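Just input19.cif here, mmCIF, C-alpha atoms; chains and numbers go by the auth columns:
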```cif
data_target
#
loop_
_atom_site.group_PDB
_atom_site.id
_atom_site.type_symbol
_atom_site.label_atom_id
_atom_site.label_comp_id
_atom_site.label_asym_id
_atom_site.label_seq_id
_atom_site.Cartn_x
_atom_site.Cartn_y
_atom_site.Cartn_z
_atom_site.B_iso_or_equiv
_atom_site.auth_seq_id
_atom_site.auth_asym_id
ATOM 1 C CA MET A 1 -21.571 1.005 -30.662 0.00 275 Q
ATOM 2 C CA ILE A 2 -25.349 1.336 -30.344 0.00 276 Q
ATOM 3 C CA VAL A 3 -25.424 -0.963 -27.316 0.00 277 Q
ATOM 4 C CA SER A 4 -22.603 0.992 -25.667 0.00 278 Q
ATOM 5 C CA ALA A 5 -24.357 4.306 -26.317 0.00 279 Q
ATOM 6 C CA LEU A 6 -27.614 2.962 -24.877 0.00 280 Q
ATOM 7 C CA ALA A 7 -25.764 1.663 -21.816 0.00 281 Q
ATOM 8 C CA ILE A 8 -24.230 5.092 -21.206 0.00 282 Q
ATOM 9 C CA VAL A 9 -27.590 6.830 -21.597 0.00 283 Q
ATOM 10 C CA PHE A 10 -29.205 4.325 -19.228 0.00 284 Q
ATOM 11 C CA ALA A 11 -26.459 4.797 -16.666 0.00 285 Q
ATOM 12 C CA ILE A 12 -26.791 8.582 -16.774 0.00 286 Q
ATOM 13 C CA SER A 13 -30.578 8.451 -16.559 0.00 287 Q
ATOM 14 C CA ASN A 14 -30.441 6.195 -13.530 0.00 288 Q
ATOM 15 C CA GLN A 15 -27.762 8.288 -11.821 0.00 289 Q
ATOM 16 C CA SER A 16 -25.413 5.311 -11.875 0.00 290 Q
ATOM 17 C CA LEU A 17 -22.529 7.581 -12.776 0.00 291 Q
ATOM 18 C CA ASP A 18 -23.246 9.708 -9.705 0.00 292 Q
ATOM 19 C CA ARG A 19 -23.097 6.620 -7.520 0.00 293 Q
ATOM 20 C CA LEU A 20 -19.910 5.497 -9.240 0.00 294 Q
ATOM 21 C CA TRP A 21 -18.352 8.919 -8.704 0.00 295 Q
ATOM 22 C CA ALA A 22 -19.357 8.865 -5.038 0.00 296 Q
ATOM 23 C CA PHE A 23 -17.754 5.451 -4.668 0.00 297 Q
ATOM 24 C CA VAL A 24 -14.547 6.610 -6.356 0.00 298 Q
ATOM 25 C CA GLU A 25 -14.384 9.660 -4.100 0.00 299 Q
ATOM 26 C CA PHE A 26 -14.695 7.614 -0.933 0.00 300 Q
ATOM 27 C CA GLY A 27 -13.541 4.121 -1.863 0.00 301 Q
ATOM 28 C CA ALA A 28 -10.399 4.730 -3.916 0.00 302 Q
ATOM 29 C CA GLY A 29 -8.351 5.696 -0.862 0.00 303 Q
ATOM 30 C CA VAL A 30 -9.640 2.717 1.113 0.00 304 Q
ATOM 31 C CA PHE A 31 -8.808 0.271 -1.664 0.00 305 Q
ATOM 32 C CA ALA A 32 -5.395 1.891 -2.090 0.00 306 Q
ATOM 33 C CA LEU A 33 -4.621 1.288 1.580 0.00 307 Q
ATOM 34 C CA LEU A 34 -5.963 -2.273 1.531 0.00 308 Q
ATOM 35 C CA LEU A 35 -3.963 -3.202 -1.571 0.00 309 Q
ATOM 36 C CA LEU A 36 -0.807 -1.611 -0.212 0.00 310 Q
ATOM 37 C CA THR A 37 -1.372 -3.453 3.070 0.00 311 Q
ATOM 38 C CA PHE A 38 -1.731 -6.642 1.059 0.00 312 Q
ATOM 39 C CA SER A 39 1.557 -5.787 -0.639 0.00 313 Q
ATOM 40 C CA VAL A 40 3.290 -5.249 2.704 0.00 314 Q
ATOM 41 C CA LEU A 41 2.023 -8.598 3.983 0.00 315 Q
ATOM 42 C CA TRP A 42 3.150 -10.492 0.902 0.00 316 Q
ATOM 43 C CA GLY A 43 6.469 -8.648 0.919 0.00 317 Q
ATOM 44 C CA VAL A 44 7.178 -10.027 4.384 0.00 318 Q
ATOM 45 C CA ALA A 45 5.983 -13.471 3.300 0.00 319 Q
ATOM 46 C CA ALA A 46 8.276 -13.375 0.264 0.00 320 Q
ATOM 47 C CA ALA A 47 11.281 -12.851 2.541 0.00 321 Q
ATOM 48 C CA ASP A 48 10.476 -15.886 4.697 0.00 322 Q
ATOM 49 C CA ARG A 49 12.904 -18.760 4.182 0.00 323 Q
ATOM 50 C CA MET A 50 11.587 -21.064 6.885 0.00 324 Q
ATOM 51 C CA LEU A 51 8.121 -21.865 5.535 0.00 325 Q
ATOM 52 C CA LEU A 52 8.442 -21.051 1.831 0.00 326 Q
ATOM 53 C CA ASP A 53 10.684 -22.727 -0.710 0.00 327 Q
ATOM 54 C CA PRO A 54 12.245 -20.672 -3.551 0.00 328 Q
ATOM 55 C CA ASN A 55 9.346 -21.323 -5.959 0.00 329 Q
ATOM 56 C CA HIS A 56 6.754 -20.226 -3.423 0.00 330 Q
ATOM 57 C CA ARG A 57 8.798 -17.128 -2.618 0.00 331 Q
ATOM 58 C CA LEU A 58 8.749 -16.206 -6.303 0.00 332 Q
ATOM 59 C CA ILE A 59 4.950 -16.434 -6.291 0.00 333 Q
ATOM 60 C CA ALA A 60 4.789 -14.343 -3.123 0.00 334 Q
ATOM 61 C CA GLN A 61 7.048 -11.726 -4.718 0.00 335 Q
ATOM 62 C CA ALA A 62 4.819 -11.571 -7.795 0.00 336 Q
ATOM 63 C CA ILE A 63 1.735 -11.031 -5.620 0.00 337 Q
ATOM 64 C CA HIS A 64 3.659 -8.457 -3.590 0.00 338 Q
ATOM 65 C CA ARG A 65 4.583 -6.460 -6.678 0.00 339 Q
ATOM 66 C CA GLY A 66 1.210 -6.792 -8.374 0.00 340 Q
ATOM 67 C CA SER A 67 -0.716 -5.577 -5.340 0.00 341 Q
ATOM 68 C CA ALA A 68 1.741 -2.681 -4.950 0.00 342 Q
ATOM 69 C CA VAL A 69 1.089 -1.555 -8.523 0.00 343 Q
ATOM 70 C CA GLY A 70 -2.668 -1.869 -7.974 0.00 344 Q
ATOM 71 C CA GLY A 71 -2.409 0.118 -4.763 0.00 345 Q
ATOM 72 C CA ILE A 72 -0.465 2.892 -6.487 0.00 346 Q
ATOM 73 C CA GLY A 73 -3.133 2.984 -9.190 0.00 347 Q
ATOM 74 C CA PHE A 74 -5.915 3.448 -6.643 0.00 348 Q
ATOM 75 C CA LEU A 75 -3.756 6.006 -4.835 0.00 349 Q
ATOM 76 C CA GLY A 76 -3.547 8.074 -8.014 0.00 350 Q
ATOM 77 C CA LEU A 77 -7.315 7.763 -8.476 0.00 351 Q
ATOM 78 C CA HIS A 78 -7.835 8.829 -4.859 0.00 352 Q
ATOM 79 C CA ILE A 79 -5.687 11.943 -5.246 0.00 353 Q
ATOM 80 C CA TRP A 80 -7.282 12.888 -8.558 0.00 354 Q
ATOM 81 C CA SER A 81 -10.836 12.522 -7.231 0.00 355 Q
ATOM 82 C CA LYS A 82 -10.151 14.598 -4.123 0.00 356 Q
ATOM 83 C CA VAL A 83 -8.601 17.396 -6.160 0.00 357 Q
ATOM 84 C CA ALA A 84 -11.339 17.228 -8.819 0.00 358 Q
ATOM 85 C CA LEU A 85 -14.044 17.532 -6.153 0.00 359 Q
ATOM 86 C CA GLY A 86 -12.308 20.439 -4.438 0.00 360 Q
ATOM 87 C CA SER A 87 -11.600 18.547 -1.206 0.00 361 Q
ATOM 88 C CA THR A 88 -8.008 19.726 -1.508 0.00 362 Q
ATOM 89 C CA THR A 89 -5.746 21.378 -4.078 0.00 363 Q
ATOM 90 C CA TRP A 90 -2.965 20.107 -6.307 0.00 364 Q
ATOM 91 C CA GLN A 91 -0.517 22.213 -4.312 0.00 365 Q
ATOM 92 C CA ALA A 92 -1.634 20.639 -1.026 0.00 366 Q
ATOM 93 C CA ALA A 93 -1.591 17.171 -2.574 0.00 367 Q
ATOM 94 C CA ALA A 94 1.955 17.738 -3.824 0.00 368 Q
ATOM 95 C CA ILE A 95 3.499 19.585 -0.881 0.00 369 Q
ATOM 96 C CA PRO A 96 2.864 18.408 2.707 0.00 370 Q
ATOM 97 C CA GLY A 97 1.354 20.982 5.046 0.00 371 Q
ATOM 98 C CA LEU A 98 -0.298 23.253 2.466 0.00 372 Q
ATOM 99 C CA ASP A 99 -3.883 22.094 2.978 0.00 373 Q
ATOM 100 C CA GLY A 100 -5.831 24.869 4.640 0.00 374 Q
ATOM 101 C CA ALA A 101 -8.246 22.705 6.626 0.00 375 Q
ATOM 102 C CA GLN A 102 -6.133 19.709 7.676 0.00 376 Q
ATOM 103 C CA PRO A 103 -2.476 20.421 6.970 0.00 377 Q
ATOM 104 C CA ILE A 104 -1.096 17.615 9.145 0.00 378 Q
ATOM 105 C CA LEU A 105 -3.512 14.846 8.173 0.00 379 Q
ATOM 106 C CA ILE A 106 -3.463 15.643 4.458 0.00 380 Q
ATOM 107 C CA GLY A 107 0.295 16.144 4.703 0.00 381 Q
ATOM 108 C CA LEU A 108 0.647 12.640 6.147 0.00 382 Q
ATOM 109 C CA GLY A 109 -1.193 11.292 3.139 0.00 383 Q
ATOM 110 C CA THR A 110 1.131 13.194 0.810 0.00 384 Q
ATOM 111 C CA VAL A 111 4.241 11.895 2.565 0.00 385 Q
ATOM 112 C CA ALA A 112 2.853 8.352 2.518 0.00 386 Q
ATOM 113 C CA GLY A 113 2.135 8.659 -1.197 0.00 387 Q
ATOM 114 C CA TYR A 114 5.666 9.769 -2.006 0.00 388 Q
ATOM 115 C CA LEU A 115 7.162 6.994 0.098 0.00 389 Q
ATOM 116 C CA PHE A 116 4.961 4.322 -1.476 0.00 390 Q
ATOM 117 C CA VAL A 117 5.860 5.508 -4.971 0.00 391 Q
ATOM 118 C CA ALA A 118 9.563 5.570 -4.062 0.00 392 Q
ATOM 119 C CA VAL A 119 9.370 2.054 -2.613 0.00 393 Q
ATOM 120 C CA THR A 120 7.530 0.763 -5.677 0.00 394 Q
ATOM 121 C CA VAL A 121 9.967 2.335 -8.133 0.00 395 Q
ATOM 122 C CA THR A 122 13.076 1.184 -6.275 0.00 396 Q
ATOM 123 C CA GLY A 123 11.510 -2.262 -5.953 0.00 397 Q
ATOM 124 C CA ALA A 124 11.075 -2.411 -9.713 0.00 398 Q
ATOM 125 C CA VAL A 125 14.748 -1.550 -10.294 0.00 399 Q
ATOM 126 C CA ARG A 126 16.192 -3.647 -7.479 0.00 400 Q
ATOM 127 C CA GLY A 127 18.726 -5.192 -9.833 0.00 401 Q
ATOM 128 C CA ALA A 128 20.384 -1.804 -10.378 0.00 402 Q
ATOM 129 C CA PHE A 129 21.096 -1.521 -6.652 0.00 403 Q
ATOM 130 C CA ALA A 130 22.529 -5.050 -6.562 0.00 404 Q
ATOM 131 C CA ARG A 131 24.907 -4.327 -9.442 0.00 405 Q
ATOM 132 C CA LYS A 132 26.220 -1.229 -7.710 0.00 406 Q
ATOM 133 C CA GLY A 133 26.715 -3.011 -4.408 0.00 407 Q
ATOM 134 C CA GLN A 134 24.059 -0.898 -2.705 0.00 408 Q
ATOM 135 C CA SER A 135 21.796 -3.635 -1.392 0.00 409 Q
ATOM 136 C CA ARG A 136 21.787 -2.089 2.094 0.00 410 Q
ATOM 137 C CA LEU A 137 20.585 1.217 0.663 0.00 411 Q
ATOM 138 C CA TRP A 138 17.845 -0.613 -1.219 0.00 412 Q
ATOM 139 C CA ARG A 139 16.720 -2.400 1.948 0.00 413 Q
ATOM 140 C CA ALA A 140 16.669 0.886 3.874 0.00 414 Q
ATOM 141 C CA LEU A 141 14.554 2.512 1.164 0.00 415 Q
ATOM 142 C CA HIS A 142 12.245 -0.489 0.992 0.00 416 Q
ATOM 143 C CA MET A 143 11.747 -0.509 4.761 0.00 417 Q
ATOM 144 C CA THR A 144 10.207 2.966 4.543 0.00 418 Q
ATOM 145 C CA ALA A 145 7.103 1.149 3.286 0.00 419 Q
ATOM 146 C CA TYR A 146 6.249 0.514 6.944 0.00 420 Q
ATOM 147 C CA LEU A 147 6.519 4.225 7.714 0.00 421 Q
ATOM 148 C CA ALA A 148 4.382 5.027 4.671 0.00 422 Q
ATOM 149 C CA TRP A 149 1.824 2.435 5.696 0.00 423 Q
ATOM 150 C CA GLY A 150 1.545 3.868 9.218 0.00 424 Q
ATOM 151 C CA ALA A 151 1.163 7.421 7.914 0.00 425 Q
ATOM 152 C CA SER A 152 -1.492 6.341 5.413 0.00 426 Q
ATOM 153 C CA LEU A 153 -3.413 4.507 8.135 0.00 427 Q
ATOM 154 C CA VAL A 154 -3.578 7.651 10.301 0.00 428 Q
ATOM 155 C CA HIS A 155 -4.491 9.718 7.233 0.00 429 Q
ATOM 156 C CA GLY A 156 -7.271 7.331 6.263 0.00 430 Q
ATOM 157 C CA LEU A 157 -8.774 7.118 9.729 0.00 431 Q
ATOM 158 C CA ARG A 158 -8.678 10.796 10.647 0.00 432 Q
ATOM 159 C CA ALA A 159 -8.938 12.792 7.421 0.00 433 Q
ATOM 160 C CA GLY A 160 -12.226 13.266 5.628 0.00 434 Q
ATOM 161 C CA ARG A 161 -15.742 12.277 6.600 0.00 435 Q
ATOM 162 C CA ALA A 162 -16.818 9.633 9.071 0.00 436 Q
ATOM 163 C CA VAL A 163 -16.264 6.173 7.680 0.00 437 Q
ATOM 164 C CA ALA A 164 -18.694 3.288 7.299 0.00 438 Q
ATOM 165 C CA ASP A 165 -18.454 0.178 9.441 0.00 439 Q
ATOM 166 C CA TRP A 166 -16.928 -1.888 6.638 0.00 440 Q
ATOM 167 C CA VAL A 167 -14.130 0.655 6.307 0.00 441 Q
ATOM 168 C CA ASP A 168 -13.391 0.458 10.038 0.00 442 Q
ATOM 169 C CA TRP A 169 -13.267 -3.319 9.733 0.00 443 Q
ATOM 170 C CA GLY A 170 -10.962 -3.023 6.742 0.00 444 Q
ATOM 171 C CA TYR A 171 -8.538 -0.818 8.637 0.00 445 Q
ATOM 172 C CA ALA A 172 -8.698 -3.127 11.659 0.00 446 Q
ATOM 173 C CA VAL A 173 -7.877 -6.147 9.493 0.00 447 Q
ATOM 174 C CA ALA A 174 -5.017 -4.225 7.862 0.00 448 Q
ATOM 175 C CA LEU A 175 -3.567 -3.185 11.222 0.00 449 Q
ATOM 176 C CA THR A 176 -3.911 -6.671 12.691 0.00 450 Q
ATOM 177 C CA GLY A 177 -2.413 -8.373 9.664 0.00 451 Q
ATOM 178 C CA VAL A 178 0.667 -6.157 9.453 0.00 452 Q
ATOM 179 C CA THR A 179 1.230 -6.329 13.225 0.00 453 Q
ATOM 180 C CA VAL A 180 1.046 -10.127 13.330 0.00 454 Q
ATOM 181 C CA VAL A 181 3.274 -10.624 10.302 0.00 455 Q
ATOM 182 C CA LEU A 182 5.878 -8.164 11.592 0.00 456 Q
ATOM 183 C CA MET A 183 5.940 -9.878 14.991 0.00 457 Q
ATOM 184 C CA MET A 184 6.515 -13.205 13.240 0.00 458 Q
ATOM 185 C CA ARG A 185 9.188 -11.690 11.047 0.00 459 Q
ATOM 186 C CA LEU A 186 11.044 -10.096 13.987 0.00 460 Q
ATOM 187 C CA ALA A 187 10.826 -13.171 16.220 0.00 461 Q
ATOM 188 C CA PRO A 188 14.253 -14.426 17.391 0.00 462 Q
ATOM 189 C CA SER A 189 13.632 -17.823 15.789 0.00 463 Q
ATOM 190 C CA ARG A 190 13.283 -16.105 12.389 0.00 464 Q
ATOM 191 C CA ASN A 191 16.427 -14.012 12.905 0.00 465 Q
ATOM 192 C CA PRO A 192 19.156 -16.297 14.272 0.00 466 Q
ATOM 193 C CA SER A 193 22.392 -14.759 15.430 0.00 467 Q
ATOM 194 C CA PRO A 194 25.626 -15.355 13.451 0.00 468 Q
ATOM 195 C CA ALA A 195 26.703 -17.863 16.123 0.00 469 Q
ATOM 196 C CA ASP A 196 23.466 -19.815 15.718 0.00 470 Q
ATOM 197 C CA LYS A 197 23.918 -19.830 11.949 0.00 471 Q
ATOM 198 C CA ARG A 198 27.437 -21.260 12.317 0.00 472 Q
ATOM 199 C CA LYS A 199 26.134 -23.988 14.623 0.00 473 Q
ATOM 200 C CA LYS A 200 23.511 -24.994 12.071 0.00 474 Q
ATOM 201 C CA GLU A 201 26.107 -25.084 9.318 0.00 475 Q
ATOM 202 C CA GLN A 202 28.254 -27.394 11.418 0.00 476 Q
#
```
What is this structure when it is put down as structure tokens?
Amino acid sequence: MIVSALAIVFAISNQSLDRLWAFVEFGAGVFALLLLTFSVLWGVAAADRMLLDPNHRLIAQAIHRGSAVGGIGFLGLHIWSKVALGSTTWQAAAIPGLDGAQPILIGLGTVAGYLFVAVTVTGAVRGAFARKGQSRLWRALHMTAYLAWGASLVHGLRAGRAVADWVDWGYAVALTGVTVVLMMRLAPSRNPSPADKRKKEQ
């Protein structure tokens, strides 16, 4: 207890809490996007049946889900810090288009947040969709993660203050990674036609 109290006093006296708060204000959104990008990448990897065996796909799915939960956590921290600092309001954070200064850019962030939460929740209850024979609906809902990711990328790059170089690099890596993985996923060799599948079975 005494050590903890001394640590808190030391942190306050050295303005460490101010630096931590400044990092939370600026970095929470960046880490949310990076973790959610990581989740998107591992989600695509988990669906790959050419390079990964079932056991490896299970590991990829676990990483996919864990990074999604972490990203949602940082997203909540990002929203809370922006509202707490007066950068926006709860109404604008909840309803797209209500921000007085940047209605479109902040609205994109709001839409992305809702979509990411919806994708995460439906991903957690995937079994319920399978039991009801609604796997196509689940896939359609899950695919909105790409739309959410694109909206969050625009929001992160254009809303708020000018970003540091490491943030630009982070966004560039995120964009490159998702683009490359999607191109691999959509390649004809990864999506054989029904006729090709029948030939392989024969």
Using all atoms listed in the file, which residue out of Q:Val298, Q:Ala368, Q:Ala334, Q:Ala446 lies closest to Val314 (chain Q)?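 Of all the options, Q:Ala334 lies closest to Val314 (chain Q).
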Would you mind reading off the distance between CA of Gly340 (chain Q) and CA of Asp442 (chain Q), one decimal, in Å? 24.6 Å
Could you write out as an MDAnalysis selection string the residues that the PyMOL selection byres ((chain Q and resi 389) around 12) matches in the shown file? chainID Q and resid 310 346 382:388 390:397 414:426
Measuring atom to atom with only C-alpha atoms, identify which of Q:Ala448, Q:Ala358, Q:Asp373, Q:Leu460 is nearest to Ser313 (chain Q).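 Of Q:Ala448, Q:Ala358, Q:Asp373, Q:Leu460, the one nearest Ser313 (chain Q) is Q:Ala448, counting only C-alpha atoms.
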Point-to-point distance from CA of Gly317 (chain Q) to CA of Arg410 (chain Q), Å rounded to tenths: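 Here the two named atoms are 16.7 Å from each other.
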Pull the neighbourhood of (-2.0, -8.1, -8.8) for me: all residues within 12 Å in file coordinates, counting all atoms listed in the file, as a PyMOL selection string. chain Q and resi 309-310+312-313+316+333-347
What does the distance between CA of Ile353 (chain Q) and CA of Gly303 (chain Q) come to in Å, to one decimal place?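 Value for the CA of Ile353 (chain Q)-CA of Gly303 (chain Q) distance: 8.1 Å.
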For each of Q:Ala320, Q:Leu307, Q:Ile380, Q:Ala375, take the minimum atom-to-atom distance to Leu349 (chain Q), counting all atoms listed in the file, then give the residue where this is smallest.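 Result for the nearest residue to Leu349 (chain Q): Q:Leu307.
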Residues selected by the PyMOL selection byres ((chain Q and resi 352) around 9), written as a PyMOL selection string: chain Q and resi 298-304+306+347-351+353-357
Would you pick out the contacts of Ala433 (chain Q) at 8 Å or less, using all atoms listed in the file, so that residues sharing its chain but fewer than 5 positions from it are not included, and give the list as a list in words?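 That gives Gln376, Leu379, Ile380 and Val428 of chain Q.
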